[in-house]
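What follows is the content of input.cif (mmCIF, C-alpha atoms and all ligand atoms).
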```
data_model
#
loop_
_atom_site.label_atom_id
_atom_site.label_comp_id
_atom_site.auth_asym_id
_atom_site.auth_seq_id
_atom_site.Cartn_x
_atom_site.Cartn_y
_atom_site.Cartn_z
CA MET H 1251 107.21 155.30 58.69
CA LYS H 1252 106.84 153.85 55.21
CA PHE H 1253 104.97 150.57 54.70
CA GLU H 1254 108.05 148.33 54.41
CA SER H 1255 109.57 149.85 57.56
CA LYS H 1256 106.37 149.21 59.51
CA THR H 1257 106.38 145.55 58.43
CA VAL H 1258 109.65 144.94 60.29
CA HIS H 1259 109.09 147.21 63.31
CA ALA H 1260 105.42 147.54 64.27
CA GLY H 1261 104.22 145.35 67.13
CA ASP H 1262 107.66 144.02 68.08
CA ARG H 1263 110.20 144.76 70.84
CA LYS H 1264 107.89 145.25 73.77
CA LYS H 1265 109.62 145.32 77.15
CA ALA H 1266 109.36 142.04 79.08
CA GLY H 1267 110.74 142.42 82.64
CA ASN H 1268 114.12 144.19 82.38
CA PHE H 1269 114.92 143.19 78.78
CA ILE H 1270 113.52 143.72 75.31
CA PRO H 1271 113.30 140.69 72.99
CA VAL H 1272 114.13 141.68 69.39
CA THR H 1273 111.32 139.48 68.10
CA THR H 1274 108.14 138.70 69.98
CA PRO H 1275 108.35 135.33 71.78
CA ILE H 1276 105.69 132.62 71.50
CA TYR H 1277 103.65 132.84 74.69
CA THR H 1278 101.89 129.54 75.25
CA ALA H 1279 100.37 130.27 78.67
CA SER H 1280 96.59 130.03 78.76
CA SER H 1281 96.33 132.30 81.82
CA TYR H 1282 98.36 135.00 83.53
CA ALA H 1283 98.98 135.90 87.18
CA TYR H 1284 99.94 139.31 88.60
CA ASP H 1285 101.79 140.54 91.71
CA SER H 1286 98.57 141.48 93.46
CA MET H 1287 94.92 140.48 93.24
CA ASP H 1288 94.05 144.16 92.88
CA GLN H 1289 96.10 144.30 89.70
CA LEU H 1290 94.50 141.14 88.31
CA ASP H 1291 91.13 142.69 89.14
CA ARG H 1292 92.05 145.80 87.13
CA VAL H 1293 93.21 143.63 84.19
CA PHE H 1294 89.97 141.65 84.26
CA GLY H 1295 88.04 144.92 84.39
CA ARG H 1296 90.13 146.16 81.41
CA GLU H 1297 91.21 149.22 83.42
CA GLU H 1298 94.80 148.06 83.08
CA GLN H 1299 96.26 146.52 79.94
CA GLY H 1300 97.58 142.99 80.11
CA PRO H 1301 96.68 139.39 79.38
CA SER H 1302 94.53 137.42 81.80
CA TYR H 1303 93.19 134.48 79.80
CA ALA H 1304 94.03 133.25 76.30
CA ARG H 1305 90.53 133.71 74.92
CA TYR H 1306 90.76 137.41 75.82
CA ASP H 1307 94.36 138.16 75.08
CA ASN H 1308 97.73 136.61 74.24
CA PRO H 1309 100.94 138.66 74.02
CA THR H 1310 102.14 136.98 70.79
CA VAL H 1311 98.75 137.43 69.15
CA SER H 1312 98.54 141.04 70.41
CA ALA H 1313 101.88 141.83 68.77
CA LEU H 1314 100.59 140.51 65.42
CA GLN H 1315 97.35 142.46 65.86
CA ASP H 1316 99.32 145.69 66.51
CA LEU H 1317 101.41 145.04 63.40
CA VAL H 1318 98.47 144.40 61.06
CA ASN H 1319 96.59 147.32 62.56
CA GLU H 1320 99.48 149.65 61.65
CA LEU H 1321 99.65 148.27 58.12
CA GLU H 1322 95.91 148.64 57.48
CA ALA H 1323 95.57 151.96 59.38
CA GLY H 1324 92.82 150.53 61.58
CA HIS H 1325 91.39 151.42 64.98
CA ALA H 1326 92.03 147.92 66.34
CA THR H 1327 92.67 144.43 64.97
CA ILE H 1328 91.58 140.95 65.98
CA ALA H 1329 93.44 137.85 64.81
CA CYS H 1330 91.40 134.68 64.46
CA SER H 1331 91.65 131.06 63.43
CA SER H 1332 91.04 131.42 59.67
CA GLY H 1333 90.05 133.86 56.96
CA MET H 1334 86.55 132.39 56.96
CA MET H 1335 86.32 132.90 60.72
CA ALA H 1336 87.31 136.53 60.19
CA LEU H 1337 84.53 136.96 57.63
CA HIS H 1338 81.97 135.11 59.72
CA LEU H 1339 82.73 137.17 62.83
CA SER H 1340 82.66 140.43 60.83
CA VAL H 1341 79.26 139.76 59.27
CA LEU H 1342 77.90 138.59 62.63
CA ALA H 1343 79.20 141.73 64.37
CA ALA H 1344 77.78 144.02 61.71
CA LEU H 1345 74.33 142.43 61.90
CA VAL H 1346 74.00 142.29 65.71
CA ASP H 1347 72.25 145.67 65.91
CA ARG H 1348 71.28 146.09 62.27
CA PRO H 1349 68.77 144.72 59.73
CA LYS H 1350 69.46 141.05 58.99
CA ARG H 1351 70.16 141.73 55.33
CA VAL H 1352 73.41 141.70 53.36
CA VAL H 1353 74.35 143.04 49.95
CA ALA H 1354 77.41 141.22 48.62
CA GLY H 1355 79.50 141.19 45.46
CA HIS H 1356 78.28 138.51 43.05
CA VAL H 1357 81.68 136.90 42.49
CA LEU H 1358 83.41 136.17 45.79
CA TYR H 1359 85.63 133.50 47.27
CA GLY H 1360 83.48 130.36 46.97
CA ALA H 1361 83.27 129.67 50.70
CA THR H 1362 82.16 133.27 51.32
CA THR H 1363 79.21 132.93 48.95
CA HIS H 1364 78.45 129.53 50.49
CA MET H 1365 78.63 130.92 54.04
CA LEU H 1366 76.26 133.80 53.26
CA MET H 1367 73.78 131.56 51.46
CA THR H 1368 73.71 128.48 53.65
CA ILE H 1369 74.91 129.46 57.14
CA PHE H 1370 73.62 133.02 57.46
CA GLY H 1371 70.70 132.09 55.19
CA ALA H 1372 69.63 129.37 57.62
CA LEU H 1373 69.69 131.95 60.43
CA GLY H 1374 67.24 134.12 58.51
CA VAL H 1375 69.77 136.54 57.01
CA GLU H 1376 68.86 137.45 53.45
CA THR H 1377 71.75 138.08 51.07
CA THR H 1378 71.36 139.91 47.78
CA PHE H 1379 74.23 139.41 45.33
CA ALA H 1380 75.04 142.24 42.92
CA ASP H 1381 77.92 143.08 40.62
CA ALA H 1382 80.24 145.29 42.69
CA SER H 1383 82.07 146.39 39.53
CA ASP H 1384 78.82 147.81 38.15
CA LEU H 1385 78.46 150.81 40.46
CA PRO H 1386 74.92 151.89 39.49
CA ALA H 1387 73.65 148.29 39.86
CA PHE H 1388 75.39 147.88 43.21
CA GLU H 1389 74.08 151.20 44.48
CA ALA H 1390 70.56 150.26 43.36
CA ALA H 1391 70.81 146.97 45.29
CA ILE H 1392 71.89 148.82 48.43
CA SER H 1393 69.10 151.40 48.23
CA GLU H 1394 66.51 148.72 47.56
CA VAL H 1395 67.62 146.19 50.19
CA LYS H 1396 68.69 148.63 52.94
CA PRO H 1397 71.19 146.09 54.26
CA GLY H 1398 72.84 145.74 57.66
CA ALA H 1399 76.16 144.96 56.00
CA VAL H 1400 77.85 145.17 52.60
CA VAL H 1401 80.51 142.60 51.64
CA VAL H 1402 82.98 142.95 48.76
CA GLU H 1403 86.49 141.86 47.79
CA SER H 1404 89.07 144.51 46.85
CA ILE H 1405 90.34 142.25 44.03
CA THR H 1406 87.87 139.47 43.34
CA ASN H 1407 88.50 135.75 43.24
CA PRO H 1408 89.02 134.29 40.66
CA LEU H 1409 88.18 136.80 37.90
CA LEU H 1410 90.26 139.64 39.39
CA ARG H 1411 87.74 142.45 39.07
CA VAL H 1412 88.55 145.65 40.97
CA CYS H 1413 85.53 147.55 42.31
CA ALA H 1414 85.42 151.27 43.10
CA LEU H 1415 85.91 150.75 46.85
CA ASP H 1416 85.95 154.44 47.71
CA GLN H 1417 82.61 155.04 45.99
CA ILE H 1418 81.03 151.86 47.39
CA ALA H 1419 82.22 152.91 50.88
CA ALA H 1420 80.47 156.27 50.50
CA ILE H 1421 77.26 154.58 49.32
CA ALA H 1422 77.33 152.07 52.20
CA ARG H 1423 78.00 154.84 54.72
CA ARG H 1424 75.00 156.84 53.47
CA ALA H 1425 72.90 153.67 53.84
CA GLY H 1426 74.15 153.13 57.41
CA ALA H 1427 75.63 149.72 56.58
CA PRO H 1428 79.24 148.85 57.46
CA LEU H 1429 81.30 147.96 54.40
CA ILE H 1430 83.27 144.75 55.01
CA VAL H 1431 86.15 144.30 52.57
CA ASP H 1432 88.04 141.07 51.99
CA ASN H 1433 91.47 142.50 51.15
CA THR H 1434 93.28 139.16 50.88
CA PHE H 1435 94.31 139.47 47.21
CA ALA H 1436 95.47 143.09 47.38
CA THR H 1437 97.24 143.00 50.77
CA PRO H 1438 97.62 146.26 52.72
CA MET H 1439 100.63 147.03 50.54
CA LEU H 1440 98.46 147.63 47.44
CA MET H 1441 95.22 148.84 49.03
CA ARG H 1442 94.05 150.02 52.45
CA PRO H 1443 90.25 149.95 52.35
CA LEU H 1444 89.78 151.72 55.73
CA GLU H 1445 91.56 154.75 54.27
CA LEU H 1446 89.04 154.61 51.40
CA GLY H 1447 86.09 154.67 53.83
CA ALA H 1448 85.41 150.98 54.55
CA SER H 1449 84.40 149.96 58.09
CA ILE H 1450 85.96 146.51 58.46
CA VAL H 1451 88.79 144.82 56.55
CA ILE H 1452 89.49 141.11 56.71
CA HIS H 1453 92.33 138.96 55.42
CA SER H 1454 92.93 135.30 55.07
CA ALA H 1455 96.36 135.52 56.76
CA THR H 1456 96.89 132.03 55.35
CA LYS H 1457 97.74 133.73 52.06
CA TYR H 1458 100.07 136.71 51.44
CA LEU H 1459 100.40 137.87 55.06
CA ALA H 1460 101.94 134.61 56.31
CA GLY H 1461 103.12 133.83 52.78
CA HIS H 1462 104.92 130.52 53.26
CA GLY H 1463 102.18 127.89 53.13
CA ASP H 1464 102.45 126.98 56.81
CA VAL H 1465 99.68 128.90 58.59
CA LEU H 1466 95.89 128.93 58.72
CA GLY H 1467 94.76 132.28 60.07
CA GLY H 1468 92.66 135.38 59.63
CA VAL H 1469 92.61 139.00 60.75
CA ILE H 1470 89.86 141.58 61.19
CA VAL H 1471 90.86 145.23 61.10
CA SER H 1472 88.08 147.44 62.38
CA ASP H 1473 87.17 151.08 62.63
CA ALA H 1474 86.24 152.48 66.07
CA GLU H 1475 82.48 152.11 65.53
CA ASN H 1476 82.46 148.35 65.02
CA PHE H 1477 85.31 147.24 67.26
CA GLU H 1478 83.52 146.81 70.59
CA VAL H 1479 80.98 144.33 69.21
CA LEU H 1480 83.74 142.42 67.42
CA ASN H 1481 85.83 142.26 70.57
CA THR H 1482 82.86 141.07 72.64
CA LEU H 1483 82.21 138.29 70.12
CA LEU H 1484 85.88 137.27 70.20
CA ARG H 1485 86.01 137.18 74.00
CA THR H 1486 82.72 135.29 74.22
CA ILE H 1487 83.01 132.76 71.39
CA GLY H 1488 86.78 132.14 71.27
CA PRO H 1489 87.69 131.96 67.55
CA ASN H 1490 91.22 133.09 68.50
CA LEU H 1491 94.39 132.53 66.52
CA GLY H 1492 96.95 130.39 68.37
CA PRO H 1493 100.32 131.84 69.44
CA PHE H 1494 102.35 129.61 67.09
CA GLU H 1495 100.36 130.74 64.06
CA ALA H 1496 100.58 134.35 65.25
CA TYR H 1497 104.36 134.05 65.47
CA LEU H 1498 104.64 132.56 61.96
CA THR H 1499 102.33 135.18 60.49
CA MET H 1500 104.34 137.98 62.08
CA ARG H 1501 107.55 136.45 60.77
CA GLY H 1502 105.98 136.19 57.32
CA ILE H 1503 104.83 139.82 57.29
CA LYS H 1504 108.41 141.01 57.81
CA THR H 1505 109.11 140.16 54.16
CA LEU H 1506 105.65 141.04 52.79
CA ALA H 1507 106.87 144.13 50.94
CA LEU H 1508 109.82 142.30 49.35
CA ARG H 1509 107.69 139.32 48.39
CA MET H 1510 104.85 141.41 46.94
CA GLU H 1511 107.23 143.58 44.95
CA LYS H 1512 108.76 140.50 43.31
CA GLN H 1513 105.46 138.63 42.94
CA CYS H 1514 103.71 141.62 41.35
CA ALA H 1515 106.62 142.15 38.92
CA ASN H 1516 106.63 138.43 38.02
CA ALA H 1517 102.84 138.49 37.51
CA CYS H 1518 103.07 141.42 35.05
CA LYS H 1519 105.62 139.52 32.96
CA LEU H 1520 103.72 136.24 33.19
CA ALA H 1521 100.38 137.80 32.21
CA SER H 1522 101.96 139.38 29.12
CA TRP H 1523 103.56 136.08 28.14
CA LEU H 1524 100.32 134.13 28.63
CA ALA H 1525 98.42 136.59 26.44
CA THR H 1526 100.65 135.66 23.48
CA HIS H 1527 100.44 131.88 23.97
CA PRO H 1528 98.44 130.04 21.27
CA ARG H 1529 96.76 127.71 23.82
CA VAL H 1530 95.50 130.58 25.97
CA ALA H 1531 92.08 131.94 24.99
CA LYS H 1532 91.82 134.77 27.51
CA VAL H 1533 93.87 136.27 30.35
CA TYR H 1534 92.39 137.96 33.40
CA PHE H 1535 94.86 140.37 35.05
CA PRO H 1536 94.22 143.80 36.63
CA GLY H 1537 97.39 145.18 34.99
CA ASP H 1538 95.99 144.53 31.51
CA PRO H 1539 95.29 147.95 29.89
CA ALA H 1540 92.11 146.40 28.40
CA HIS H 1541 90.87 145.19 31.82
CA PRO H 1542 87.18 146.10 32.28
CA ASP H 1543 88.03 148.03 35.50
CA ALA H 1544 91.16 149.70 34.08
CA ALA H 1545 90.09 153.18 35.23
CA THR H 1546 89.48 152.00 38.81
CA VAL H 1547 92.74 150.03 38.79
CA LYS H 1548 94.58 153.19 37.78
CA ARG H 1549 92.90 155.16 40.57
CA LEU H 1550 93.17 152.65 43.44
CA LEU H 1551 96.21 150.45 42.81
CA PRO H 1552 99.84 151.60 42.76
CA SER H 1553 101.28 151.96 39.29
CA GLY H 1554 103.00 148.74 38.18
CA GLN H 1555 101.63 146.69 41.11
CA TYR H 1556 98.42 144.88 40.25
CA GLY H 1557 98.66 141.94 42.60
CA ALA H 1558 100.17 138.58 41.73
CA MET H 1559 97.03 136.64 40.81
CA ILE H 1560 96.30 135.78 37.19
CA ALA H 1561 93.50 133.71 35.71
CA PHE H 1562 93.33 132.37 32.18
CA GLU H 1563 91.10 130.29 29.96
CA LEU H 1564 92.58 127.34 28.14
CA LYS H 1565 91.63 127.38 24.45
CA ASP H 1566 89.14 124.56 23.69
CA GLY H 1567 89.75 123.30 27.20
CA ALA H 1568 87.59 121.61 29.80
CA LYS H 1569 88.33 119.52 32.86
CA PRO H 1570 90.43 116.78 31.09
CA GLU H 1571 92.64 119.34 29.29
CA VAL H 1572 93.06 121.43 32.45
CA PHE H 1573 93.95 118.35 34.51
CA ALA H 1574 96.47 117.24 31.84
CA LEU H 1575 98.08 120.68 31.92
CA MET H 1576 98.30 120.69 35.71
CA GLU H 1577 99.77 117.20 35.84
CA LYS H 1578 102.53 118.18 33.39
CA LEU H 1579 103.78 120.99 35.60
CA GLN H 1580 107.11 120.19 37.21
CA MET H 1581 107.84 123.20 39.42
CA ILE H 1582 104.55 125.04 39.79
CA VAL H 1583 102.59 123.58 42.70
CA CYS H 1584 99.05 122.41 41.99
CA ALA H 1585 97.28 122.83 45.29
CA THR H 1586 94.65 124.99 46.91
CA SER H 1587 95.72 128.32 48.39
CA LEU H 1588 97.60 131.32 47.05
CA GLY H 1589 99.98 134.05 48.07
CA ASP H 1590 102.81 131.69 48.95
CA VAL H 1591 106.45 132.17 47.92
CA HIS H 1592 106.08 129.37 45.37
CA THR H 1593 103.94 129.68 42.23
CA MET H 1594 100.67 127.75 42.47
CA MET H 1595 97.96 126.73 40.06
CA LEU H 1596 94.38 125.99 40.97
CA TYR H 1597 91.27 124.91 39.10
CA PRO H 1598 88.45 127.06 40.56
CA ALA H 1599 85.65 124.77 39.34
CA MET H 1600 87.13 121.97 41.43
CA ALA H 1601 88.60 123.89 44.39
CA SER H 1602 87.74 127.44 45.47
CA HIS H 1603 84.32 127.46 43.76
CA ARG H 1604 83.45 123.78 44.06
CA ASP H 1605 80.55 124.44 46.44
CA LEU H 1606 78.66 126.44 43.81
CA SER H 1607 76.46 124.64 41.30
CA PRO H 1608 77.85 124.35 37.72
CA LYS H 1609 75.04 126.64 36.55
CA HIS H 1610 75.88 129.25 39.20
CA ARG H 1611 79.58 129.06 38.24
CA GLU H 1612 78.80 129.45 34.54
CA ARG H 1613 76.64 132.50 35.28
CA LEU H 1614 79.55 134.08 37.16
CA GLY H 1615 81.93 133.44 34.27
CA ILE H 1616 83.86 130.71 36.08
CA GLY H 1617 83.96 128.24 33.23
CA ASN H 1618 85.42 124.75 33.02
CA SER H 1619 88.45 126.05 31.12
CA LEU H 1620 89.39 128.64 33.75
CA VAL H 1621 92.69 128.22 35.60
CA ARG H 1622 94.05 130.44 38.38
CA ILE H 1623 97.72 131.18 39.02
CA SER H 1624 99.24 132.64 42.16
CA THR H 1625 102.62 133.96 41.02
CA GLY H 1626 105.52 133.23 43.35
CA ILE H 1627 108.99 134.69 43.90
CA GLU H 1628 110.90 132.25 41.67
CA ALA H 1629 112.89 133.46 38.64
CA ILE H 1630 110.31 134.46 36.02
CA GLU H 1631 112.27 132.43 33.41
CA ASP H 1632 111.62 129.23 35.39
CA ILE H 1633 107.91 129.98 35.87
CA ILE H 1634 107.46 130.65 32.14
CA ALA H 1635 109.55 127.60 31.12
CA ASP H 1636 107.45 125.29 33.29
CA LEU H 1637 104.19 126.65 31.90
CA ASP H 1638 105.52 126.58 28.35
CA GLN H 1639 106.46 122.88 28.50
CA ALA H 1640 103.15 121.99 30.19
CA LEU H 1641 101.00 123.98 27.77
CA GLY H 1642 102.75 122.67 24.64
CA ARG H 1643 101.83 124.22 21.32
C1 LIG B 1701 91.47 131.80 51.27
C2 LIG B 1701 90.53 132.91 51.22
C3 LIG B 1701 89.55 133.07 52.21
C4 LIG B 1701 89.38 132.07 53.33
O1 LIG B 1701 90.49 132.06 54.17
P1 LIG B 1701 90.91 130.78 55.04
O2 LIG B 1701 92.12 131.24 55.75
O3 LIG B 1701 91.14 129.66 54.09
O4 LIG B 1701 89.76 130.49 55.94
C5 LIG B 1701 88.70 134.15 52.12
N1 LIG B 1701 88.81 135.05 51.11
C6 LIG B 1701 89.75 134.93 50.16
C7 LIG B 1701 89.81 135.95 49.09
C8 LIG B 1701 90.64 133.87 50.17
O5 LIG B 1701 91.55 133.76 49.21
#
```
As structure tokens, how would this structure be written, given the file I've shared?
Amino acid sequence: MKFESKTVHAGDRKKAGNFIPVTTPIYTASSYAYDSMDQLDRVFGREEQGPSYARYDNPTVSALQDLVNELEAGHATIACSSGMMALHLSVLAALVDRPKRVVAGHVLYGATTHMLMTIFGALGVETTFADASDLPAFEAAISEVKPGAVVVESITNPLLRVCALDQIAAIARRAGAPLIVDNTFATPMLMRPLELGASIVIHSATKYLAGHGDVLGGVIVSDAENFEVLNTLLRTIGPNLGPFEAYLTMRGIKTLALRMEKQCANACKLASWLATHPRVAKVYFPGDPAHPDAATVKRLLPSGQYGAMIAFELKDGAKPEVFALMEKLQMIVCATSLGDVHTMMLYPAMASHRDLSPKHRERLGIGNSLVRISTGIEAIEDIIADLDQALGR
């Protein structure tokens, strides 16, 4: 089946008694009984499939996991309470039996950098940050550090760099370190890191997968090698996604292909328009032919679909000018998050990368004039008109 067909069929329509529900119901039960104690014993022993307790299994969550697993071509998938939980559990799982060292991309989602530095750091895990878009530098960091895990984003936040995932996967594999890829910005429609050799893929399902601004969730898609440890951590610690969120995420994914197609097309038009605006100093967009990773983009992303995230620098702008721009917007929503059906604008220095010091942000190229846009599904004319009136001339 093609991707868009999988989004509406995978995981759903499992037989329940003598009927088949066309969409998976929301199962709220925290535990499950069976006809005989022998059967319950087999379920507990995982000799027979079936739910027993909500921390181990939930039929609504399982349906979502089956769906995402199909889309990302994984061995098995775990849904959990947030994207950060998915990342935390993945790094933890990778390091259980491996050296307590991580090599990570130097520009990541702010909370990811923060988590590696402060939470894992406090537990004695050493993280080395290197530029994942500079392959020789990243390879050198891996050979020097000999890490237990490598963490990168397929399309980085907020500067939208695209690293050579296939080559990084090969390097990590030779070093014996699982490559963990945050694929939130690309979605499985644009990139499937496991097919490129990665070991674990995570998503903030809060973003494109759910897509409607009403869910907090995460997923971990694993290869066979890393799944057992991940599953043990899930069953022991209980970072599970709830059934209501699982239902909403599954409902959202049914239109993922349609939404992404429109959002990517809108983003291409918006990025071109922004590049010609006199108040815009610089546009960051993977579809730009002059993008620093243009060759990798051409190799790894589908032609014409470069994601729907755009960043730009406001000419002679700093916090007051950026705030004034954001307050003038009438349709575009100024709030944290991305990937929703509506267009959103965010100020990374205040929101996604707030936890980093100003010096650290400056070093990463996240300046005080940088603004991030998540392009929605509205008419492109309306998105451009709103930005045009807010930017002024
Ligand atoms: C939002 C986001 C996260 C964190 O996900 P939550 O669901 O907010 O916990 C991680 N990585 C990226 C790229 C994100 O955009």
Using only C-alpha atoms, can you tell me which of H:Leu1440, H:Ala1601, H:Ile1633, H:Leu1429 comes closest to H:Tyr1359? H:Ala1601
Residue neighbourhood H:Arg1529, 7 Å, all atoms listed in the file, exclusion window fewer than 4 positions, as a ChimeraX atom specification: /H:1564-1565,1641,1643
As a check of understanding: the span from atom CA of H:Arg1509 to atom CA of H:Asn1433 is 16.8 Å
Could the residues that lie within 9 Å of ligand LIG 1701 (chain B), counting all atoms listed in the file, be listed as a PyMOL selection string? chain H and resi 1331-1337+1358-1362+1403-1408+1432-1435+1452-1457+1465-1468+1586-1589+1602
Considering all atoms listed in the file, return as a list in words whatever protein or nucleic-acid residues lie within 9 Å of H:Val1272, sequence-local ones (same chain, fewer than 4 positions apart) excluded. Asp1262, Arg1263 and Lys1264 of chain H
H:Arg1501, H:Lys1578, H:His1338, H:His1259: which is nearest H:Leu1366, counting all atoms listed in the file?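 For H:Leu1366, the nearest of the given residues is H:His1338.
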Separation of atom CA of H:Ile1503 from atom CA of H:Leu1459 in Å: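 Atom CA of H:Leu1459 sits 5.3 Å away from atom CA of H:Ile1503.
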Using all atoms listed in the file: which of H:Met1581, H:Ile1623, H:Met1576, H:Leu1606 has the shortest distance to H:Thr1368: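 Between H:Met1581, H:Ile1623, H:Met1576, H:Leu1606, the residue approaching H:Thr1368 most closely is H:Leu1606.
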Compare H:Gln1639, H:Thr1505, H:Ser1522, H:Ser1281 by their minimum atom-to-atom distance to H:Val1258, counting only C-alpha atoms, and give me the closest one.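 That would be H:Thr1505, the residue with the smallest distance to H:Val1258.
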Let me make sure I understand: among H:Leu1409, H:Val1471, H:Pro1570, H:Ile1421, which one has the smallest atom-to-atom distance to H:Val1533 if we use all atoms listed in the file? H:Leu1409
One decimal, in Å: what's the spacing between atom CA of H:Tyr1306 and atom CA of H:Asp1347?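 Atom-to-atom, atom CA of H:Tyr1306 and atom CA of H:Asp1347 are spaced 22.6 Å apart.
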Of H:Tyr1534, H:Phe1494, H:Tyr1556, H:Phe1370, the one nearest to H:Asn1516 when counting only C-alpha atoms is H:Tyr1556
Near H:Gly1537, within 10 Å and counting all atoms listed in the file, which residues show up once chain neighbours fewer than 4 positions away are dropped, as a list in words?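 Within the cut-off, the hits are Cys1514, Ala1517, Cys1518, Ala1521, Ser1522, His1541, Asp1543, Ala1544, Val1547, Lys1548, Leu1551, Ser1553, Gly1554, Gln1555, Tyr1556, Gly1557, Ala1558 and Ile1560 of chain H.
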Near H:Ile1616, within 9 Å and counting only C-alpha atoms, which residues show up once chain neighbours fewer than 6 positions away are dropped, as a ChimeraX atom specification? /H:1408-1409,1598-1599,1603,1608,1610
May I have the residues within 10 Å of H:Asn1319 as an MDAnalysis selection string, using only C-alpha atoms and disregarding those fewer than 4 positions away in the same chain? chainID H and resid 1260:1261 1313:1315 1323:1328 1438 1469:1472
May I have the protein, DNA and RNA residues with any atom at most 9 Å from the point (106.0, 134.1, 64.3), counting all atoms listed in the file, written as a list in words?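 Final list of nearby residues, as requested, is Thr1273, Thr1274, Pro1275, Ile1276, Thr1310, Leu1314, Ala1460, Pro1493, Phe1494, Glu1495, Ala1496, Tyr1497, Leu1498, Thr1499, Met1500, Arg1501 and Gly1502 of chain H.
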At a cut-off of 8 Å from (107.1, 137.9, 44.8) in the coordinates of the file, what residues are picked up using all atoms listed in the file, written as a list of chain:residue names?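 I get H:Leu1508, H:Arg1509, H:Met1510, H:Glu1511, H:Lys1512, H:Gln1513, H:Cys1514, H:Ala1515, H:Asn1516, H:Ala1558, H:Val1591, H:Thr1625, H:Gly1626, H:Ile1627, H:Glu1628 for the residues within 8 Å of that point.
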For stretch 1484-1495 of chain H, take all atoms listed in the file, fit an axis-aligned box around them, add 6 Å to each of the six sides, then output centre and edge lengths in Å rounded to one decimal, as JSON.
```
{"center_x": 92.5, "center_y": 133.4, "center_z": 69.1, "size_x": 31.6, "size_y": 19.7, "size_z": 22.2}
```
